[in-house]
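K.L.:
See work.json below, with JSON, C-alpha atoms and all ligand atoms.
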```
[["chain", "number", "residue", "atom", "x", "y", "z"],
["I", 1, "MET", "CA", 57.77, -56.88, -269.47],
["I", 2, "THR", "CA", 55.95, -58.16, -272.53],
["I", 3, "GLN", "CA", 58.18, -58.82, -275.52],
["I", 4, "ILE", "CA", 56.50, -58.52, -278.91],
["I", 5, "ILE", "CA", 57.98, -60.49, -281.81],
["I", 6, "ALA", "CA", 56.87, -60.00, -285.41],
["I", 7, "VAL", "CA", 57.41, -63.18, -287.44],
["I", 8, "SER", "CA", 57.96, -61.66, -290.82],
["I", 9, "ASN", "CA", 59.37, -62.05, -294.31],
["I", 10, "GLN", "CA", 57.92, -60.42, -297.42],
["I", 11, "LYS", "CA", 58.48, -63.67, -299.30],
["I", 12, "GLY", "CA", 55.51, -66.03, -299.36],
["I", 13, "GLY", "CA", 55.53, -69.63, -298.18],
["I", 14, "VAL", "CA", 58.82, -69.51, -296.26],
["I", 15, "GLY", "CA", 57.49, -70.85, -292.94],
["I", 16, "LYS", "CA", 56.27, -67.69, -291.16],
["I", 17, "THR", "CA", 52.98, -69.14, -289.97],
["I", 18, "THR", "CA", 54.50, -72.54, -289.20],
["I", 19, "THR", "CA", 57.17, -70.86, -287.10],
["I", 20, "ALA", "CA", 54.77, -68.44, -285.37],
["I", 21, "VAL", "CA", 52.41, -71.29, -284.41],
["I", 22, "ASN", "CA", 55.03, -73.83, -283.36],
["I", 23, "LEU", "CA", 57.42, -71.47, -281.65],
["I", 24, "SER", "CA", 54.62, -69.82, -279.65],
["I", 25, "ALA", "CA", 53.29, -73.28, -278.69],
["I", 26, "SER", "CA", 56.78, -74.45, -277.66],
["I", 27, "VAL", "CA", 57.42, -71.30, -275.62],
["I", 28, "ALA", "CA", 54.02, -71.77, -273.96],
["I", 29, "VAL", "CA", 54.70, -75.39, -272.97],
["I", 30, "ALA", "CA", 58.00, -74.21, -271.51],
["I", 31, "GLY", "CA", 55.86, -72.25, -269.03],
["I", 32, "TYR", "CA", 55.71, -68.77, -270.55],
["I", 33, "ARG", "CA", 52.35, -67.07, -271.00],
["I", 34, "SER", "CA", 52.20, -66.46, -274.75],
["I", 35, "LEU", "CA", 49.87, -64.80, -277.22],
["I", 36, "LEU", "CA", 49.79, -65.45, -280.95],
["I", 37, "ILE", "CA", 48.27, -62.70, -283.10],
["I", 38, "ASP", "CA", 47.16, -63.74, -286.56],
["I", 39, "LEU", "CA", 47.66, -60.58, -288.63],
["I", 40, "ASP", "CA", 47.24, -62.28, -291.99],
["I", 41, "PRO", "CA", 43.86, -62.23, -293.79],
["I", 42, "GLN", "CA", 44.72, -65.74, -295.05],
["I", 43, "ARG", "CA", 44.12, -66.72, -291.36],
["I", 44, "ASN", "CA", 46.43, -69.76, -291.57],
["I", 45, "ALA", "CA", 47.58, -69.41, -287.96],
["I", 46, "SER", "CA", 43.96, -69.36, -286.77],
["I", 47, "THR", "CA", 43.03, -72.54, -288.66],
["I", 48, "SER", "CA", 46.30, -74.17, -287.53],
["I", 49, "LEU", "CA", 44.93, -73.87, -283.99],
["I", 50, "SER", "CA", 41.35, -74.89, -284.86],
["I", 51, "ILE", "CA", 39.88, -71.39, -284.47],
["I", 52, "LYS", "CA", 36.78, -70.99, -286.63],
["I", 53, "ASN", "CA", 35.63, -67.66, -288.05],
["I", 54, "THR", "CA", 34.42, -65.50, -285.20],
["I", 55, "ARG", "CA", 33.36, -61.89, -284.67],
["I", 56, "ASN", "CA", 35.95, -61.70, -281.93],
["I", 57, "ASN", "CA", 38.96, -61.24, -284.17],
["I", 58, "ILE", "CA", 41.82, -58.84, -284.77],
["I", 59, "TYR", "CA", 39.88, -56.82, -287.35],
["I", 60, "SER", "CA", 37.07, -56.15, -284.83],
["I", 61, "ALA", "CA", 39.67, -54.99, -282.32],
["I", 62, "LEU", "CA", 41.54, -52.80, -284.80],
["I", 63, "THR", "CA", 38.31, -51.13, -285.91],
["I", 64, "ASP", "CA", 37.20, -50.56, -282.30],
["I", 65, "LYS", "CA", 34.13, -52.79, -282.58],
["I", 66, "ILE", "CA", 35.21, -55.17, -279.82],
["I", 67, "PRO", "CA", 37.68, -54.56, -276.96],
["I", 68, "VAL", "CA", 41.01, -56.40, -277.29],
["I", 69, "ARG", "CA", 40.47, -58.46, -274.15],
["I", 70, "GLU", "CA", 37.35, -59.97, -275.75],
["I", 71, "VAL", "CA", 39.14, -61.09, -278.93],
["I", 72, "ILE", "CA", 41.74, -63.12, -277.03],
["I", 73, "HIS", "CA", 40.86, -66.84, -277.20],
["I", 74, "GLU", "CA", 42.46, -69.51, -275.06],
["I", 75, "THR", "CA", 43.76, -72.55, -276.99],
["I", 76, "SER", "CA", 44.04, -76.22, -276.08],
["I", 77, "ILE", "CA", 47.65, -75.53, -275.07],
["I", 78, "ARG", "CA", 48.14, -74.27, -271.56],
["I", 79, "ASN", "CA", 49.64, -70.75, -271.54],
["I", 80, "LEU", "CA", 48.88, -70.15, -275.22],
["I", 81, "ALA", "CA", 46.16, -67.73, -276.34],
["I", 82, "ILE", "CA", 45.40, -66.43, -279.82],
["I", 83, "ILE", "CA", 43.80, -63.40, -281.43],
["I", 84, "PRO", "CA", 42.44, -64.87, -284.65],
["I", 85, "SER", "CA", 42.16, -63.22, -288.02],
["I", 86, "ILE", "CA", 39.35, -62.88, -290.54],
["I", 87, "GLU", "CA", 39.37, -62.43, -294.33],
["I", 88, "ASP", "CA", 37.94, -58.89, -293.86],
["I", 89, "LEU", "CA", 41.31, -57.86, -292.47],
["I", 90, "ALA", "CA", 42.46, -57.42, -296.08],
["I", 91, "ALA", "CA", 40.06, -54.44, -296.31],
["I", 92, "LEU", "CA", 41.82, -52.64, -293.49],
["I", 93, "GLU", "CA", 44.66, -51.83, -295.87],
["I", 94, "PHE", "CA", 42.28, -49.65, -297.91],
["I", 95, "GLU", "CA", 40.23, -48.37, -295.00],
["I", 96, "ILE", "CA", 43.20, -46.84, -293.23],
["I", 97, "SER", "CA", 45.43, -46.08, -296.21],
["I", 98, "HIS", "CA", 44.80, -42.32, -295.86],
["I", 99, "ALA", "CA", 44.36, -42.21, -292.10],
["I", 100, "SER", "CA", 46.90, -40.24, -290.12],
["I", 101, "MET", "CA", 49.17, -42.43, -287.96],
["I", 102, "ARG", "CA", 47.98, -45.44, -289.95],
["I", 103, "GLU", "CA", 51.11, -47.32, -288.91],
["I", 104, "GLN", "CA", 50.18, -47.04, -285.20],
["I", 105, "TYR", "CA", 46.80, -48.80, -285.24],
["I", 106, "LEU", "CA", 47.98, -52.14, -283.85],
["I", 107, "LYS", "CA", 50.23, -50.56, -281.25],
["I", 108, "ASN", "CA", 47.44, -48.28, -279.98],
["I", 109, "CYS", "CA", 44.91, -51.08, -280.10],
["I", 110, "LEU", "CA", 47.02, -53.48, -277.97],
["I", 111, "ALA", "CA", 48.25, -50.88, -275.47],
["I", 112, "GLY", "CA", 47.36, -51.85, -271.91],
["I", 113, "SER", "CA", 45.59, -55.10, -272.88],
["I", 114, "ILE", "CA", 48.43, -57.59, -273.33],
["I", 115, "ASP", "CA", 50.52, -56.93, -270.23],
["I", 116, "ASP", "CA", 49.72, -60.39, -268.78],
["I", 117, "PHE", "CA", 51.66, -62.04, -271.60],
["I", 118, "GLU", "CA", 55.41, -62.61, -271.47],
["I", 119, "PHE", "CA", 55.68, -63.13, -275.22],
["I", 120, "VAL", "CA", 53.47, -61.97, -278.07],
["I", 121, "PHE", "CA", 54.13, -63.42, -281.53],
["I", 122, "ILE", "CA", 52.61, -61.73, -284.58],
["I", 123, "ASP", "CA", 52.16, -63.84, -287.71],
["I", 124, "CYS", "CA", 52.63, -61.29, -290.51],
["I", 125, "PRO", "CA", 51.35, -61.53, -294.06],
["I", 126, "PRO", "CA", 53.75, -61.87, -296.99],
["I", 127, "SER", "CA", 54.66, -58.51, -298.60],
["I", 128, "PHE", "CA", 55.55, -55.34, -296.84],
["I", 129, "SER", "CA", 52.01, -54.02, -296.44],
["I", 130, "VAL", "CA", 50.32, -51.63, -294.01],
["I", 131, "LEU", "CA", 49.57, -54.67, -291.84],
["I", 132, "SER", "CA", 53.24, -55.68, -291.68],
["I", 133, "LEU", "CA", 54.19, -52.07, -291.05],
["I", 134, "ASN", "CA", 51.80, -52.03, -288.08],
["I", 135, "ALA", "CA", 53.39, -55.22, -286.73],
["I", 136, "TRP", "CA", 56.89, -53.78, -287.06],
["I", 137, "VAL", "CA", 55.94, -50.49, -285.42],
["I", 138, "CYS", "CA", 54.49, -52.21, -282.36],
["I", 139, "ALA", "CA", 57.05, -55.04, -282.02],
["I", 140, "ASN", "CA", 60.31, -55.13, -280.08],
["I", 141, "TYR", "CA", 61.81, -57.68, -282.43],
["I", 142, "VAL", "CA", 61.45, -59.21, -285.85],
["I", 143, "LEU", "CA", 62.07, -62.93, -286.26],
["I", 144, "ILE", "CA", 62.78, -63.89, -289.86],
["I", 145, "PRO", "CA", 62.14, -67.38, -291.22],
["I", 146, "LEU", "CA", 64.42, -68.03, -294.19],
["I", 147, "GLN", "CA", 63.57, -70.92, -296.48],
["I", 148, "CYS", "CA", 66.65, -72.78, -297.67],
["I", 149, "GLU", "CA", 66.22, -72.00, -301.37],
["I", 150, "TYR", "CA", 68.20, -70.16, -304.00],
["I", 151, "TYR", "CA", 66.71, -66.63, -303.80],
["I", 152, "ALA", "CA", 66.38, -66.56, -300.02],
["I", 153, "LEU", "CA", 69.35, -64.32, -299.27],
["I", 154, "GLU", "CA", 68.55, -61.75, -301.97],
["I", 155, "GLY", "CA", 65.23, -60.80, -300.39],
["I", 156, "LEU", "CA", 66.87, -60.74, -297.00],
["I", 157, "VAL", "CA", 69.05, -57.73, -297.83],
["I", 158, "SER", "CA", 66.04, -55.54, -298.58],
["I", 159, "LEU", "CA", 64.24, -56.91, -295.52],
["I", 160, "LEU", "CA", 67.15, -55.93, -293.25],
["I", 161, "ASN", "CA", 67.27, -52.49, -294.89],
["I", 162, "ASN", "CA", 63.59, -52.08, -294.06],
["I", 163, "VAL", "CA", 64.34, -52.96, -290.43],
["I", 164, "LEU", "CA", 66.86, -50.11, -290.37],
["I", 165, "ARG", "CA", 64.29, -47.74, -291.91],
["I", 166, "ILE", "CA", 61.75, -48.59, -289.23],
["I", 167, "LYS", "CA", 64.39, -48.11, -286.53],
["I", 168, "ARG", "CA", 65.22, -44.65, -287.92],
["I", 169, "THR", "CA", 61.58, -43.58, -288.21],
["I", 170, "PHE", "CA", 58.84, -45.20, -286.13],
["I", 171, "ASN", "CA", 60.45, -47.64, -283.72],
["I", 172, "LYS", "CA", 63.88, -46.78, -282.33],
["I", 173, "GLY", "CA", 64.20, -49.94, -280.19],
["I", 174, "PHE", "CA", 63.31, -52.35, -283.01],
["I", 175, "GLU", "CA", 65.82, -55.21, -283.32],
["I", 176, "VAL", "CA", 66.28, -58.48, -285.19],
["I", 177, "SER", "CA", 65.67, -61.38, -282.81],
["I", 178, "GLY", "CA", 67.16, -63.80, -285.28],
["I", 179, "ILE", "CA", 66.98, -65.51, -288.63],
["I", 180, "ILE", "CA", 65.70, -69.06, -288.62],
["I", 181, "LEU", "CA", 66.52, -71.48, -291.43],
["I", 182, "THR", "CA", 63.38, -73.42, -292.35],
["I", 183, "MET", "CA", 62.59, -76.47, -294.49],
["I", 184, "TYR", "CA", 66.22, -77.51, -294.21],
["I", 185, "ASP", "CA", 67.19, -80.70, -296.00],
["I", 186, "LYS", "CA", 70.50, -81.92, -294.66],
["I", 187, "ARG", "CA", 71.08, -84.12, -297.74],
["I", 188, "SER", "CA", 70.71, -81.18, -300.10],
["I", 189, "SER", "CA", 73.85, -79.27, -301.02],
["I", 190, "LEU", "CA", 71.67, -76.20, -301.66],
["I", 191, "SER", "CA", 70.46, -76.21, -298.03],
["I", 192, "GLN", "CA", 74.05, -76.56, -296.83],
["I", 193, "GLN", "CA", 75.17, -73.74, -299.13],
["I", 194, "ILE", "CA", 72.40, -71.38, -297.96],
["I", 195, "GLU", "CA", 73.24, -72.19, -294.34],
["I", 196, "ALA", "CA", 76.96, -71.57, -294.89],
["I", 197, "ASP", "CA", 76.28, -68.24, -296.69],
["I", 198, "ALA", "CA", 73.80, -67.10, -294.03],
["I", 199, "ARG", "CA", 76.17, -67.92, -291.15],
["I", 200, "LYS", "CA", 79.13, -66.30, -292.91],
["I", 201, "ASN", "CA", 77.30, -63.06, -293.76],
["I", 202, "LEU", "CA", 74.93, -62.72, -290.82],
["I", 203, "GLY", "CA", 76.88, -64.45, -288.07],
["I", 204, "GLY", "CA", 75.23, -64.48, -284.68],
["I", 205, "LYS", "CA", 71.89, -63.32, -286.08],
["I", 206, "VAL", "CA", 71.24, -66.84, -287.42],
["I", 207, "PHE", "CA", 69.77, -69.26, -284.89],
["I", 208, "ARG", "CA", 71.95, -72.32, -284.30],
["I", 209, "THR", "CA", 68.81, -74.46, -284.49],
["I", 210, "VAL", "CA", 67.58, -75.22, -288.01],
["I", 211, "ILE", "CA", 64.06, -76.45, -288.79],
["I", 212, "PRO", "CA", 64.17, -79.57, -290.97],
["I", 213, "ARG", "CA", 61.74, -80.28, -293.78],
["I", 214, "ASN", "CA", 59.42, -82.68, -292.00],
["I", 215, "ILE", "CA", 56.09, -84.05, -293.22],
["I", 216, "LYS", "CA", 54.60, -84.00, -289.70],
["I", 217, "ILE", "CA", 55.07, -80.22, -289.57],
["I", 218, "ALA", "CA", 53.10, -79.92, -292.82],
["I", 219, "GLU", "CA", 50.36, -82.33, -291.68],
["I", 220, "ALA", "CA", 49.74, -80.88, -288.22],
["I", 221, "PRO", "CA", 47.71, -77.78, -289.36],
["I", 222, "SER", "CA", 45.14, -79.97, -291.10],
["I", 223, "HIS", "CA", 44.48, -81.51, -287.67],
["I", 224, "GLY", "CA", 44.22, -78.02, -286.12],
["I", 225, "LYS", "CA", 47.23, -78.62, -283.90],
["I", 226, "PRO", "CA", 50.77, -77.41, -283.48],
["I", 227, "VAL", "CA", 53.19, -80.21, -284.34],
["I", 228, "LEU", "CA", 54.01, -80.95, -280.68],
["I", 229, "LEU", "CA", 50.43, -82.07, -280.07],
["I", 230, "TYR", "CA", 50.37, -84.03, -283.32],
["I", 231, "ASP", "CA", 53.58, -86.04, -282.93],
["I", 232, "ILE", "CA", 55.66, -85.28, -279.86],
["I", 233, "ARG", "CA", 58.68, -87.30, -281.04],
["I", 234, "CYS", "CA", 59.03, -86.25, -284.68],
["I", 235, "PRO", "CA", 62.06, -84.23, -285.81],
["I", 236, "GLY", "CA", 59.86, -81.16, -286.42],
["I", 237, "THR", "CA", 58.63, -81.09, -282.82],
["I", 238, "LEU", "CA", 62.13, -81.55, -281.45],
["I", 239, "ALA", "CA", 63.47, -78.77, -283.69],
["I", 240, "TYR", "CA", 60.81, -76.26, -282.58],
["I", 241, "LEU", "CA", 61.41, -77.17, -278.91],
["I", 242, "ASP", "CA", 65.15, -76.60, -279.47],
["I", 243, "LEU", "CA", 64.37, -73.30, -281.20],
["I", 244, "ALA", "CA", 62.21, -72.26, -278.23],
["I", 245, "ALA", "CA", 65.04, -73.04, -275.79],
["I", 246, "GLU", "CA", 67.51, -71.03, -277.88],
["I", 247, "PHE", "CA", 65.01, -68.19, -278.32],
["I", 248, "LEU", "CA", 64.27, -68.06, -274.58],
["I", 249, "LYS", "CA", 67.94, -68.03, -273.71],
["I", 250, "LYS", "CA", 68.40, -65.04, -276.00],
["I", 251, "HIS", "CA", 65.31, -63.21, -274.79],
["I", 252, "GLU", "CA", 65.53, -64.01, -271.09],
["I", 253, "LYS", "CA", 69.26, -63.40, -270.74],
["I", 254, "GLY", "CA", 70.09, -66.98, -269.72],
["I", 255, "GLY", "CA", 66.60, -68.49, -269.58],
["I", 256, "ARG", "CA", 64.70, -69.92, -266.65],
["I", 257, "ASP", "CA", 65.47, -73.08, -264.71],
["I", 258, "HIS", "CA", 62.56, -75.04, -266.16],
["I", 259, "VAL", "CA", 63.53, -74.46, -269.80],
["I", 301, "LIG", "N1", 59.69, -77.49, -291.84],
["I", 301, "LIG", "C1", 58.72, -77.79, -292.70],
["I", 301, "LIG", "N2", 58.60, -79.03, -293.24],
["I", 301, "LIG", "C2", 57.63, -79.33, -294.11],
["I", 301, "LIG", "N3", 56.71, -78.45, -294.54],
["I", 301, "LIG", "C3", 56.76, -77.20, -294.05],
["I", 301, "LIG", "C4", 57.75, -76.80, -293.11],
["I", 301, "LIG", "N4", 57.56, -75.49, -292.80],
["I", 301, "LIG", "C5", 56.49, -75.10, -293.52],
["I", 301, "LIG", "N5", 56.01, -76.11, -294.27],
["I", 301, "LIG", "C6", 54.87, -76.06, -295.20],
["I", 301, "LIG", "O1", 55.19, -75.10, -296.21],
["I", 301, "LIG", "C7", 54.03, -74.34, -296.55],
["I", 301, "LIG", "C8", 54.31, -72.85, -296.29],
["I", 301, "LIG", "O2", 54.52, -72.66, -294.89],
["I", 301, "LIG", "P1", 53.86, -71.44, -294.11],
["I", 301, "LIG", "O3", 52.40, -71.36, -294.39],
["I", 301, "LIG", "O4", 54.28, -71.52, -292.70],
["I", 301, "LIG", "O5", 54.60, -70.23, -294.83],
["I", 301, "LIG", "P2", 54.26, -68.67, -294.74],
["I", 301, "LIG", "O6", 55.55, -67.96, -294.89],
["I", 301, "LIG", "O7", 53.45, -68.39, -293.55],
["I", 301, "LIG", "O8", 53.35, -68.48, -296.03],
["I", 301, "LIG", "P3", 52.55, -67.13, -296.42],
["I", 301, "LIG", "O9", 53.58, -66.20, -296.97],
["I", 301, "LIG", "O10", 51.54, -67.58, -297.46],
["I", 301, "LIG", "O11", 51.91, -66.61, -295.18],
["I", 301, "LIG", "C9", 52.90, -74.90, -295.70],
["I", 301, "LIG", "O12", 52.19, -75.83, -296.48],
["I", 301, "LIG", "C10", 53.60, -75.58, -294.54],
["I", 301, "LIG", "O13", 52.86, -76.65, -293.99],
["I", 302, "MG", "MG", 51.59, -67.42, -293.36]]
```
What does this structure look like when you write it as structure tokens?
P.N.:
Amino acid sequence: MTQIIAVSNQKGGVGKTTTAVNLSASVAVAGYRSLLIDLDPQRNASTSLSIKNTRNNIYSALTDKIPVREVIHETSIRNLAIIPSIEDLAALEFEISHASMREQYLKNCLAGSIDDFEFVFIDCPPSFSVLSLNAWVCANYVLIPLQCEYYALEGLVSLLNNVLRIKRTFNKGFEVSGIILTMYDKRSSLSQQIEADARKNLGGKVFRTVIPRNIKIAEAPSHGKPVLLYDIRCPGTLAYLDLAAEFLKKHEKGGRDHV
């Protein structure tokens, strides 16, 4: 069965897109058919995978102009496909703000068209908008990147409260997949402090793997590649491959032999 994971945090610049792109790529190279949906009008995930502006995008699918199957693009990574975004997606917020069931658009749009995929990752925009709400209503899990900085944990409390609200209202089965510490600097006492606090307060919800601050991770999008195609041996690549293995173990109840 397809598992849908919303990569989400209302804070900006915490590593959502970086994690959505590199985790989906790492899961795909591990042999799992994966789909990345760029649900952010900034379209950073789309450019990170060299997808130019195209009519065949998530906005066209959500507004019923083009069938979902036609907006799915294969990428240069085997097993990884993407539904790209477009700047116009920002307008959807206004266009559907008074529509009934406005939180169900993405779920209804994808229904029946993504069954071939084992994992679907949704790169959410910052802020808790109608777009993020749509991602949370259609997802099985939320995966939360947490940047190792001072205010990180404060925002997390309200985020986790929102998860509970969605569980109580629109999506009973909605769960936290995990919290992933990003841009970790092992020499910084602040990073260590955030990690210690997160593990103490959130326990098993925090992935054992941490993503280090690594220049190759930041450079890879300008080459239109996930970091594993840019530098296979750098610490960033190794960390995302480790994260994929840990993620798959969690989501596949023990993982597969080839992981
Ligand atoms: N581990 C890392 N090491 C170095 N740079 C990183 C790392 N993770 C992310 N970055 C850089 O930090 C910036 C923000 O990352 P990213 O775009 O993934 O965040 P985001 O949460 O998706 O942002 P937004 O809220 O705007 O969508 C980017 O320039 C990215 O290249
Ligand atoms: Mg982003």
K.L.:
Quick check, in Å to one decimal: how far apart do CA of Phe117 (chain I) and CA of Met183 (chain I) lie?
P.N.:
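It comes out at 29.2 Å.
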K.L.:
Produce as a PyMOL selection string the set of residues near ligand LIG 301 (chain I), where near means within 8 Å with all atoms listed in the file considered.
P.N.:
chain I and resi 8-20+40+42+44+123-127+145+182-184+211-221+236
K.L.:
For Leu131 (chain I), which residue among I:Ala99, I:Leu89, I:Leu153, I:Ala30 is the nearest when counting all atoms listed in the file?
P.N.:
I:Leu89
K.L.:
Looking at I:Arg233, I:Arg199, I:Arg43, I:Arg33, which one is nearest to ligand MG 302 (chain I), with distances taken over only C-alpha atoms and all ligand atoms?
P.N.:
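Among the listed residues, I:Arg43 lies closest to ligand MG 302 (chain I).
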K.L.:
Got a sec: who's within 8 Å of Ser48 (chain I), counting all atoms listed in the file, leaving out chain neighbours fewer than 6 positions off, as an MDAnalysis selection string?
P.N.:
chainID I and resid 21 220:226
K.L.:
Store the residues picked out above in a file with C-alpha atoms, as an mmCIF file, keeping the file's coordinate frame.
P.N.:
```cif
data_model
loop_
_atom_site.group_PDB
_atom_site.id
_atom_site.type_symbol
_atom_site.label_atom_id
_atom_site.label_comp_id
_atom_site.auth_asym_id
_atom_site.auth_seq_id
_atom_site.Cartn_x
_atom_site.Cartn_y
_atom_site.Cartn_z
ATOM 1 C CA VAL I 21 52.410 -71.290 -284.410
ATOM 2 C CA ALA I 220 49.740 -80.880 -288.220
ATOM 3 C CA PRO I 221 47.710 -77.780 -289.360
ATOM 4 C CA SER I 222 45.140 -79.970 -291.100
ATOM 5 C CA HIS I 223 44.480 -81.510 -287.670
ATOM 6 C CA GLY I 224 44.220 -78.020 -286.120
ATOM 7 C CA LYS I 225 47.230 -78.620 -283.900
ATOM 8 C CA PRO I 226 50.770 -77.410 -283.480
#
```
K.L.:
So, counting only C-alpha atoms, which residue among I:Ile194, I:Ser97, I:Glu246, I:Ser26 is closest to Leu181 (chain I)?
P.N.:
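Going through I:Ile194, I:Ser97, I:Glu246, I:Ser26 one by one, the smallest distance to Leu181 (chain I) is for I:Ile194.
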K.L.:
Report, in Å with one decimal, the straight-line distance from CA of Thr2 (chain I) to CA of Lys107 (chain I).
P.N.:
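Answer for the CA of Thr2 (chain I) to CA of Lys107 (chain I) separation: 12.9 Å.
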K.L.:
So which one's closest to ligand MG 302 (chain I), I:Arg78, I:Val7, I:Asp242, I:Ala198? Using only C-alpha atoms and all ligand atoms, please.
P.N.:
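The closest residue to ligand MG 302 (chain I) is I:Val7.
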K.L.:
Can you tell me, as a VMD selection string, which residues sit within 9 Å of (59.1, -51.5, -280.4) in the file's frame, using only C-alpha atoms?
P.N.:
chain I and resid 3 to 4 107 136 to 141 167 170 to 175
K.L.:
Let me make sure I understand: among I:Ile37, I:Phe207, I:Tyr230, I:Ser189, which one has the smallest atom-to-atom distance to ligand MG 302 (chain I) if we use all atoms listed in the file?
P.N.:
I:Ile37
K.L.:
What does the distance from CA of Glu103 (chain I) to CA of Arg165 (chain I) come to in Å, to one decimal?
P.N.:
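Pair CA of Glu103 (chain I) / CA of Arg165 (chain I) returns 13.5 Å.
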